[in-house]
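The structure file input23.txt is reproduced below (compact mmCIF, C-alpha atoms and all ligand atoms).
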# COMPACT_ATOMS: atom_id res chain seq x y z
CA MET R 1 0.00 0.00 0.00
CA LYS R 2 1.37 3.37 -1.05
CA ILE R 3 0.44 6.91 -0.04
CA LEU R 4 0.67 9.23 -3.04
CA LYS R 5 0.47 13.01 -2.77
CA THR R 6 0.51 14.14 -6.40
CA ILE R 7 -1.78 13.75 -9.40
CA ALA R 8 1.21 12.82 -11.59
CA GLU R 9 2.17 9.89 -9.30
CA VAL R 10 -1.38 8.50 -9.32
CA ARG R 11 -1.59 8.81 -13.10
CA GLU R 12 1.71 7.00 -13.53
CA GLN R 13 0.66 4.15 -11.24
CA VAL R 14 -2.75 3.74 -12.87
CA LYS R 15 -1.14 3.79 -16.32
CA ALA R 16 1.16 0.93 -15.28
CA TRP R 17 -1.83 -1.10 -14.01
CA ARG R 18 -3.73 -0.42 -17.22
CA ALA R 19 -0.74 -1.65 -19.25
CA GLU R 20 -1.09 -4.95 -17.39
CA GLY R 21 -4.82 -5.05 -18.21
CA LEU R 22 -5.90 -4.57 -14.58
CA THR R 23 -9.21 -3.04 -13.52
CA VAL R 24 -9.33 -0.14 -11.05
CA GLY R 25 -11.86 0.81 -8.36
CA LEU R 26 -12.01 4.23 -6.67
CA VAL R 27 -13.30 4.97 -3.16
CA PRO R 28 -13.55 8.75 -2.63
CA THR R 29 -13.37 9.78 1.06
CA MET R 30 -12.50 12.70 3.29
CA GLY R 31 -10.42 10.43 5.53
CA TYR R 32 -10.71 9.65 9.25
CA LEU R 33 -11.77 6.27 8.02
CA HIS R 34 -14.16 3.92 9.87
CA GLU R 35 -16.02 0.70 9.08
CA GLY R 36 -18.40 2.57 6.76
CA HIS R 37 -15.48 3.52 4.52
CA ALA R 38 -13.98 0.04 5.00
CA SER R 39 -17.14 -1.55 3.56
CA LEU R 40 -16.69 0.52 0.39
CA ILE R 41 -13.03 -0.52 0.16
CA ASP R 42 -14.05 -4.18 0.66
CA ALA R 43 -16.55 -3.89 -2.20
CA SER R 44 -13.97 -2.32 -4.48
CA VAL R 45 -11.30 -4.91 -3.63
CA ARG R 46 -13.85 -7.64 -4.37
CA ASP R 47 -14.84 -6.18 -7.76
CA ASN R 48 -11.53 -4.80 -9.08
CA ASP R 49 -7.88 -5.81 -9.44
CA ARG R 50 -6.65 -2.58 -7.82
CA THR R 51 -8.26 -0.07 -5.45
CA VAL R 52 -7.46 3.62 -4.99
CA VAL R 53 -8.80 5.37 -1.88
CA SER R 54 -8.77 9.14 -2.06
CA ASP R 55 -8.33 10.81 1.31
CA PHE R 56 -8.95 14.51 0.86
CA VAL R 57 -10.90 16.99 2.97
CA ASN R 58 -12.25 18.98 0.05
CA PRO R 59 -12.45 22.68 0.99
CA MET R 60 -14.77 23.39 -1.94
CA GLN R 61 -17.67 21.40 -0.49
CA PHE R 62 -17.67 23.26 2.86
CA GLY R 63 -19.67 26.46 3.38
CA PRO R 64 -18.14 29.47 5.18
CA ASN R 65 -19.62 28.56 8.59
CA GLU R 66 -19.00 24.81 8.39
CA ASP R 67 -16.43 22.56 10.02
CA LEU R 68 -13.58 22.56 7.44
CA ALA R 69 -10.94 23.66 9.99
CA THR R 70 -11.98 21.16 12.66
CA TYR R 71 -12.78 18.18 10.40
CA PRO R 72 -10.88 15.23 11.96
CA ARG R 73 -7.77 13.93 10.19
CA ASP R 74 -5.52 10.92 10.89
CA LEU R 75 -3.56 9.72 7.87
CA GLU R 76 -1.59 7.10 9.82
CA HIS R 77 -4.77 5.40 11.03
CA ASP R 78 -6.28 5.68 7.53
CA ALA R 79 -3.21 4.01 6.01
CA GLN R 80 -3.51 1.08 8.41
CA LEU R 81 -7.20 0.64 7.62
CA VAL R 82 -6.71 0.78 3.84
CA GLU R 83 -3.80 -1.66 4.06
CA ALA R 84 -5.80 -4.06 6.26
CA HIS R 85 -8.68 -4.05 3.77
CA GLY R 86 -6.51 -4.69 0.73
CA GLY R 87 -6.49 -1.20 -0.85
CA ASP R 88 -3.46 -0.41 -3.03
CA ILE R 89 -3.13 3.38 -2.93
CA ILE R 90 -4.18 6.26 -0.75
CA PHE R 91 -4.30 9.47 -2.75
CA ASN R 92 -3.81 12.23 -0.17
CA PRO R 93 -3.20 15.50 -2.00
CA GLU R 94 -2.80 18.94 -0.42
CA PRO R 95 -5.54 21.42 -1.42
CA GLU R 96 -3.02 23.28 -3.63
CA GLU R 97 -2.40 20.08 -5.61
CA MET R 98 -6.14 19.75 -6.39
CA TYR R 99 -6.86 23.48 -6.79
CA HIS R 100 -3.96 25.27 -8.44
CA LYS R 101 -3.76 29.07 -8.37
CA GLY R 102 -6.32 30.42 -10.81
CA PHE R 103 -8.57 27.35 -10.64
CA SER R 104 -11.87 28.45 -12.19
CA SER R 105 -13.80 25.48 -13.62
CA PHE R 106 -16.70 23.85 -11.77
CA VAL R 107 -19.20 21.03 -12.23
CA ASP R 108 -22.63 22.06 -11.02
CA MET R 109 -26.06 20.42 -11.00
CA THR R 110 -29.65 21.66 -10.90
CA VAL R 111 -32.86 19.85 -9.73
CA LEU R 112 -31.32 17.00 -7.71
CA THR R 113 -29.41 19.47 -5.53
CA GLU R 114 -32.39 21.73 -4.74
CA GLU R 115 -33.71 19.81 -1.71
CA LEU R 116 -32.30 18.14 1.41
CA CYS R 117 -28.59 18.92 2.00
CA GLY R 118 -28.46 21.00 -1.20
CA LEU R 119 -30.93 23.44 0.37
CA SER R 120 -29.12 23.72 3.71
CA ARG R 121 -25.61 23.68 2.19
CA PRO R 122 -25.80 25.80 -1.00
CA VAL R 123 -22.20 25.32 -2.20
CA HIS R 124 -21.87 21.69 -1.12
CA PHE R 125 -22.78 19.74 -4.24
CA ARG R 126 -20.89 22.03 -6.58
CA GLY R 127 -17.82 21.16 -4.50
CA VAL R 128 -18.67 17.45 -4.47
CA CYS R 129 -19.34 17.25 -8.23
CA THR R 130 -16.18 19.19 -9.03
CA VAL R 131 -13.87 17.16 -6.82
CA VAL R 132 -15.39 13.81 -7.84
CA SER R 133 -15.07 14.77 -11.53
CA LYS R 134 -11.42 15.63 -10.93
CA LEU R 135 -10.84 12.32 -9.12
CA PHE R 136 -12.51 10.46 -11.99
CA ASN R 137 -10.22 12.25 -14.46
CA ILE R 138 -7.13 11.53 -12.37
CA VAL R 139 -7.81 7.86 -11.55
CA LYS R 140 -10.02 6.93 -14.54
CA PRO R 141 -11.57 4.08 -12.54
CA ASP R 142 -13.79 1.34 -13.94
CA ARG R 143 -16.01 1.59 -10.86
CA ALA R 144 -16.46 4.07 -8.02
CA TYR R 145 -18.01 3.33 -4.63
CA PHE R 146 -20.28 5.61 -2.59
CA GLY R 147 -22.23 5.01 0.63
CA LYS R 148 -26.00 5.20 0.84
CA LYS R 149 -25.38 7.14 4.06
CA ASP R 150 -24.94 10.19 1.79
CA ALA R 151 -27.97 9.27 -0.30
CA GLN R 152 -28.35 12.58 -2.10
CA GLN R 153 -24.63 12.53 -2.98
CA LEU R 154 -25.03 9.04 -4.44
CA ALA R 155 -28.02 10.16 -6.54
CA VAL R 156 -26.17 13.30 -7.69
CA ILE R 157 -23.05 11.36 -8.72
CA LYS R 158 -25.08 8.74 -10.60
CA HIS R 159 -26.90 11.54 -12.40
CA MET R 160 -23.67 13.44 -13.19
CA VAL R 161 -22.07 10.33 -14.68
CA ARG R 162 -25.08 9.83 -16.91
CA ASP R 163 -25.45 13.50 -17.90
CA LEU R 164 -21.76 13.93 -18.73
CA ASP R 165 -21.20 10.48 -20.31
CA MET R 166 -18.54 9.43 -17.83
CA ASP R 167 -17.72 5.80 -18.50
CA ILE R 168 -17.69 4.73 -14.85
CA GLU R 169 -19.98 2.37 -12.97
CA ILE R 170 -21.28 3.90 -9.73
CA ILE R 171 -21.89 1.42 -6.93
CA GLY R 172 -24.02 2.35 -3.89
CA CYS R 173 -23.17 0.51 -0.65
CA PRO R 174 -25.36 -0.04 2.46
CA ILE R 175 -25.13 2.16 5.56
CA ILE R 176 -22.85 0.72 8.24
CA ARG R 177 -24.07 1.40 11.78
CA GLU R 178 -22.80 1.23 15.35
CA GLU R 179 -24.25 -1.62 17.37
CA ASP R 180 -26.99 0.61 18.78
CA GLY R 181 -27.98 1.86 15.32
CA LEU R 182 -26.18 5.21 14.97
CA ALA R 183 -24.83 5.52 11.43
CA LYS R 184 -21.03 5.55 11.49
CA SER R 185 -19.62 8.94 10.62
CA SER R 186 -16.32 10.77 11.01
CA ARG R 187 -18.36 13.57 12.60
CA ASN R 188 -19.53 11.29 15.46
CA THR R 189 -16.19 12.10 17.14
CA TYR R 190 -17.53 15.62 17.80
CA LEU R 191 -20.25 14.24 20.11
CA SER R 192 -19.97 14.41 23.90
CA GLU R 193 -21.11 11.36 25.86
CA GLU R 194 -24.51 12.90 26.44
CA GLU R 195 -24.85 13.95 22.79
CA ARG R 196 -23.83 10.47 21.64
CA LYS R 197 -26.83 9.06 23.51
CA ALA R 198 -29.12 11.79 22.14
CA ALA R 199 -27.90 11.09 18.59
CA LEU R 200 -29.76 7.78 18.62
CA ILE R 201 -32.92 9.80 18.01
CA LEU R 202 -32.06 9.78 14.29
CA PHE R 203 -32.06 5.99 14.05
CA HIS R 204 -35.15 5.56 16.23
CA THR R 205 -37.07 8.15 14.25
CA LEU R 206 -36.18 6.50 10.94
CA ARG R 207 -37.35 3.15 12.30
CA TYR R 208 -40.61 4.87 13.30
CA GLY R 209 -41.06 6.23 9.77
CA GLU R 210 -40.44 2.74 8.41
CA PHE R 211 -42.99 1.34 10.87
CA MET R 212 -45.65 3.77 9.58
CA LEU R 213 -44.89 2.80 5.98
CA LYS R 214 -44.97 -0.89 6.83
CA ASN R 215 -48.37 -0.36 8.37
CA GLY R 216 -49.72 1.13 5.18
CA GLU R 217 -49.35 4.89 5.74
CA ARG R 218 -48.42 6.60 2.46
CA ASN R 219 -49.12 10.24 3.24
CA VAL R 220 -45.78 12.06 3.40
CA ALA R 221 -47.06 14.98 5.52
CA LYS R 222 -48.37 12.57 8.16
CA ILE R 223 -45.20 10.46 8.24
CA THR R 224 -42.79 13.40 8.41
CA ALA R 225 -44.94 15.23 11.01
CA ALA R 226 -44.85 12.16 13.27
CA MET R 227 -41.10 11.83 12.77
CA LYS R 228 -40.49 15.51 13.53
CA GLU R 229 -42.58 15.25 16.68
CA LYS R 230 -40.41 12.40 17.89
CA ILE R 231 -37.21 14.37 17.29
CA ALA R 232 -38.65 17.48 18.96
CA ALA R 233 -38.99 15.46 22.18
CA GLU R 234 -35.18 15.11 22.35
CA PRO R 235 -33.87 18.31 24.01
CA LEU R 236 -30.38 18.14 22.45
CA ALA R 237 -31.73 17.72 18.90
CA LYS R 238 -32.60 20.46 16.43
CA ILE R 239 -34.11 19.53 13.07
CA ASP R 240 -32.55 20.80 9.86
CA TYR R 241 -34.89 18.74 7.67
CA VAL R 242 -36.96 15.54 7.65
CA LYS R 243 -38.22 14.87 4.13
CA ILE R 244 -39.38 12.19 1.74
CA VAL R 245 -38.31 12.69 -1.87
CA ASP R 246 -38.55 10.92 -5.21
CA LEU R 247 -35.48 8.69 -5.52
CA ASP R 248 -34.66 9.80 -9.08
CA THR R 249 -35.26 13.55 -8.87
CA MET R 250 -34.68 14.19 -5.13
CA GLN R 251 -37.80 16.39 -5.27
CA GLN R 252 -40.45 16.27 -2.53
CA ILE R 253 -43.50 14.06 -3.05
CA THR R 254 -46.85 14.02 -1.25
CA GLU R 255 -47.56 10.27 -1.38
CA VAL R 256 -45.11 7.38 -1.16
CA ASP R 257 -46.32 5.89 -4.44
CA ARG R 258 -42.91 5.37 -6.12
CA PRO R 259 -39.32 4.56 -5.11
CA ALA R 260 -38.48 7.19 -2.50
CA LEU R 261 -35.87 8.32 -0.01
CA CYS R 262 -36.71 9.33 3.54
CA ALA R 263 -33.84 11.54 4.69
CA MET R 264 -33.04 13.72 7.67
CA ALA R 265 -30.40 16.12 8.91
CA VAL R 266 -30.46 16.86 12.63
CA TYR R 267 -28.17 18.95 14.80
CA ILE R 268 -27.14 17.23 18.01
CA GLY R 269 -25.65 20.15 19.89
CA LYS R 270 -23.43 21.77 17.24
CA THR R 271 -22.90 18.58 15.24
CA ARG R 272 -24.99 18.10 12.11
CA LEU R 273 -25.77 14.43 11.48
CA ILE R 274 -27.55 12.86 8.51
CA ASP R 275 -29.30 9.53 8.09
CA ASN R 276 -31.92 7.99 5.82
CA PHE R 277 -33.66 4.94 4.44
CA PHE R 278 -34.60 3.98 0.90
CA THR R 279 -38.21 2.70 0.62
CA GLU R 280 -37.05 0.09 -1.89
CA ASP R 281 -34.74 -1.40 0.74
CA LEU R 282 -37.69 -1.55 3.12
CA TRP R 283 -39.87 -3.44 0.64
CA ASN R 284 -37.02 -5.73 -0.36
CA SER R 285 -35.92 -6.50 3.19
CA ALA R 286 -36.12 -10.02 4.52
CA ASP R 287 -39.33 -9.44 6.50
CA PRO R 288 -42.06 -11.04 4.32
CA LYS R 289 -44.66 -8.82 5.97
CA ASN R 290 -43.21 -5.80 4.16
CA LYS R 291 -43.88 -7.30 0.76
CA GLU R 292 -47.44 -8.20 1.71
CA ILE R 293 -48.24 -4.68 2.81
CA LYS R 294 -46.81 -3.13 -0.31
P1 LIG R 301 -16.86 10.86 3.82
O1 LIG R 301 -15.44 10.54 4.18
O2 LIG R 301 -17.73 11.12 4.99
O3 LIG R 301 -16.95 11.92 2.74
O4 LIG R 301 -17.45 9.55 3.17
C1 LIG R 301 -16.81 8.92 2.09
C2 LIG R 301 -17.70 7.84 1.56
O5 LIG R 301 -17.98 6.89 2.60
C3 LIG R 301 -19.07 8.37 1.09
O6 LIG R 301 -19.45 7.70 -0.11
C4 LIG R 301 -19.98 8.03 2.22
O7 LIG R 301 -21.33 7.86 1.85
C5 LIG R 301 -19.38 6.72 2.71
N1 LIG R 301 -19.77 6.48 4.09
C6 LIG R 301 -19.58 7.29 5.16
N2 LIG R 301 -20.14 6.76 6.27
C7 LIG R 301 -20.71 5.59 5.89
C8 LIG R 301 -21.45 4.57 6.57
N3 LIG R 301 -21.73 4.66 7.88
N4 LIG R 301 -21.86 3.50 5.87
C9 LIG R 301 -21.60 3.40 4.54
N5 LIG R 301 -20.90 4.31 3.84
C10 LIG R 301 -20.46 5.40 4.50

Whole structure, structure tokens version:
Amino acid sequence: MKILKTIAEVREQVKAWRAEGLTVGLVPTMGYLHEGHASLIDASVRDNDRTVVSDFVNPMQFGPNEDLATYPRDLEHDAQLVEAHGGDIIFNPEPEEMYHKGFSSFVDMTVLTEELCGLSRPVHFRGVCTVVSKLFNIVKPDRAYFGKKDAQQLAVIKHMVRDLDMDIEIIGCPIIREEDGLAKSSRNTYLSEEERKAALILFHTLRYGEFMLKNGERNVAKITAAMKEKIAAEPLAKIDYVKIVDLDTMQQITEVDRPALCAMAVYIGKTRLIDNFFTEDLWNSADPKNKEIK
């Protein structure tokens, strides 16, 4: 396993692999890796001959009042994790390597970025689309792996690849959770002990939304109102959004009458956490009762 800091080094390595006829998978991350990231690396190692993990806290996807300066970093730990999971390269550039002086080209997207995190974080997806496009151009992977934890990001990247004819297969991977249900996230390290307990409200509220759907409720206003009420009962929680959107367009719907995403962003103290479920996963889950109800 090698840590590479420059675009030229990555290109050279990938070129050598290509000359041998090897396939390449890419796992884009912002580092501080945990089992959620590891599951993406596992999937890439399974599907491809070589795996590149990018480890870059991308300044462009942070708004002015967000946590760019405090975002946790630990390259040594990341290197151990990537090595243990069979990754071949960590690409860990400095911001100046990715954004040279005079950088002025961006990849932007309409419609899919209007709701959910796109609404609360206006510059976020422009930063994500731009950096992911650059990583695709640098690594030229056959496949790239993204977590369903960032469901809107996954939808946006799939859409970008289709719109811009990028010849890359986008693979969405399941959310990895702590034992008690909290979705793993690098930002969980910000939580105090008390906040960590309070953060479980996200998971419990999602399960409640699923319960309503399983019991036949399809009215989005009713489901989200009940979910918001549950969150409001947790004193340390403050809702950014709780919404149900069409899975393809990420636009709000009024009835759950098509494949949909139920997503939330909730502040626990100062830490903004996101979580979600896909209705299709609910219907396809092992519980035969779900299929009956649908
Ligand atoms: P990040 O480093 O937070 O930008 O995440 C990098 C990638 O890992 C994204 O595709 C995330 O969706 C994915 N990811 C983060 N947390 C999880 C998780 N708990 N389960 C699955 N994938 C995750």

Nearest to Ile239 in chain R: which of R:Thr279, R:Ser120, R:Asn219, R:Asn188 is it, counting all atoms listed in the file? R:Ser120

Pick from R:Gly36, R:Gly216, R:Gly25, R:Pro93: nearest to ligand LIG 301 (chain R), with only C-alpha atoms and all ligand atoms counted? R:Gly36

Counting all atoms listed in the file, which residues of chain R sit at most 6 Å from some atom of ligand LIG 301 (chain R), and what is each one's closest atom pair with its distance in Å to one decimal, listed by chain and rising residue number, as JSON lines?
{"residue": "R:Pro28", "atom": "CA", "partner": "R:LIG301", "partner_atom": "C1", "distance": 5.7}
{"residue": "R:Thr29", "atom": "CA", "partner": "R:LIG301", "partner_atom": "C1", "distance": 3.7}
{"residue": "R:Met30", "atom": "CA", "partner": "R:LIG301", "partner_atom": "O1", "distance": 3.8}
{"residue": "R:Gly31", "atom": "CA", "partner": "R:LIG301", "partner_atom": "O1", "distance": 5.2}
{"residue": "R:Gly36", "atom": "CA", "partner": "R:LIG301", "partner_atom": "C8", "distance": 3.7}
{"residue": "R:His37", "atom": "CA", "partner": "R:LIG301", "partner_atom": "O5", "distance": 4.6}
{"residue": "R:Phe146", "atom": "CA", "partner": "R:LIG301", "partner_atom": "O6", "distance": 3.3}
{"residue": "R:Gly147", "atom": "CA", "partner": "R:LIG301", "partner_atom": "O7", "distance": 3.2}
{"residue": "R:Lys148", "atom": "CA", "partner": "R:LIG301", "partner_atom": "O7", "distance": 5.5}
{"residue": "R:Lys149", "atom": "CA", "partner": "R:LIG301", "partner_atom": "O7", "distance": 4.7}
{"residue": "R:Asp150", "atom": "CA", "partner": "R:LIG301", "partner_atom": "O7", "distance": 4.3}
{"residue": "R:Pro174", "atom": "CA", "partner": "R:LIG301", "partner_atom": "C9", "distance": 5.5}
{"residue": "R:Ile175", "atom": "CA", "partner": "R:LIG301", "partner_atom": "N4", "distance": 3.5}
{"residue": "R:Ile176", "atom": "CA", "partner": "R:LIG301", "partner_atom": "N4", "distance": 3.8}
{"residue": "R:Arg177", "atom": "CA", "partner": "R:LIG301", "partner_atom": "N3", "distance": 5.6}
{"residue": "R:Ala183", "atom": "CA", "partner": "R:LIG301", "partner_atom": "N3", "distance": 4.8}
{"residue": "R:Lys184", "atom": "CA", "partner": "R:LIG301", "partner_atom": "N3", "distance": 3.8}
{"residue": "R:Ser185", "atom": "CA", "partner": "R:LIG301", "partner_atom": "N2", "distance": 4.9}

Distance CA of Asp167 in chain R-CA of Asp142 in chain R, one decimal place?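 So the answer is 7.5 Å.
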
Nearest residue to Pro141 in chain R out of R:Leu191, R:Met227, R:Ala38, R:Met166, using all atoms listed in the file?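 Checking each candidate against Pro141 in chain R, we get R:Met166 as the closest.
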
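Separating CA of Asn58 in chain R from CA of Arg73 in chain R is a distance of 12.2 Å.
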
Step by step: start from the point (-10.9, 1.5, -8.7) in the file's coordinates, keep every protein, DNA or RNA residue that has an atom no farther than 12 Å from it, count all atoms listed in the file, and write the set as number ranges by chain. R: 10, 14, 17-18, 22-28, 40-54, 87-91, 135-136, 138-146, 168-171

What separation in Å, quoted to one decimal, exists between CA of Asp248 in chain R and CA of Thr224 in chain R?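 Between CA of Asp248 in chain R and CA of Thr224 in chain R the gap works out to 19.6 Å.
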
Only C-alpha atoms needed: put range 154-175 of chain R from the block into a file as a PDB file, in the first residue's frame.
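Generated file (selection-v4.pdb):
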ATOM      1  CA  LEU R 154     -25.026   9.043  -4.437  1.00  0.00           C
ATOM      2  CA  ALA R 155     -28.020  10.162  -6.542  1.00  0.00           C
ATOM      3  CA  VAL R 156     -26.167  13.297  -7.686  1.00  0.00           C
ATOM      4  CA  ILE R 157     -23.050  11.359  -8.718  1.00  0.00           C
ATOM      5  CA  LYS R 158     -25.079   8.741 -10.598  1.00  0.00           C
ATOM      6  CA  HIS R 159     -26.896  11.543 -12.400  1.00  0.00           C
ATOM      7  CA  MET R 160     -23.673  13.437 -13.189  1.00  0.00           C
ATOM      8  CA  VAL R 161     -22.071  10.329 -14.683  1.00  0.00           C
ATOM      9  CA  ARG R 162     -25.084   9.832 -16.907  1.00  0.00           C
ATOM     10  CA  ASP R 163     -25.453  13.503 -17.904  1.00  0.00           C
ATOM     11  CA  LEU R 164     -21.763  13.928 -18.727  1.00  0.00           C
ATOM     12  CA  ASP R 165     -21.204  10.480 -20.310  1.00  0.00           C
ATOM     13  CA  MET R 166     -18.539   9.429 -17.833  1.00  0.00           C
ATOM     14  CA  ASP R 167     -17.719   5.801 -18.504  1.00  0.00           C
ATOM     15  CA  ILE R 168     -17.691   4.727 -14.846  1.00  0.00           C
ATOM     16  CA  GLU R 169     -19.976   2.369 -12.975  1.00  0.00           C
ATOM     17  CA  ILE R 170     -21.281   3.904  -9.730  1.00  0.00           C
ATOM     18  CA  ILE R 171     -21.892   1.419  -6.928  1.00  0.00           C
ATOM     19  CA  GLY R 172     -24.022   2.352  -3.891  1.00  0.00           C
ATOM     20  CA  CYS R 173     -23.167   0.514  -0.646  1.00  0.00           C
ATOM     21  CA  PRO R 174     -25.358  -0.044   2.463  1.00  0.00           C
ATOM     22  CA  ILE R 175     -25.133   2.158   5.561  1.00  0.00           C
TER      23      ILE R 175
END
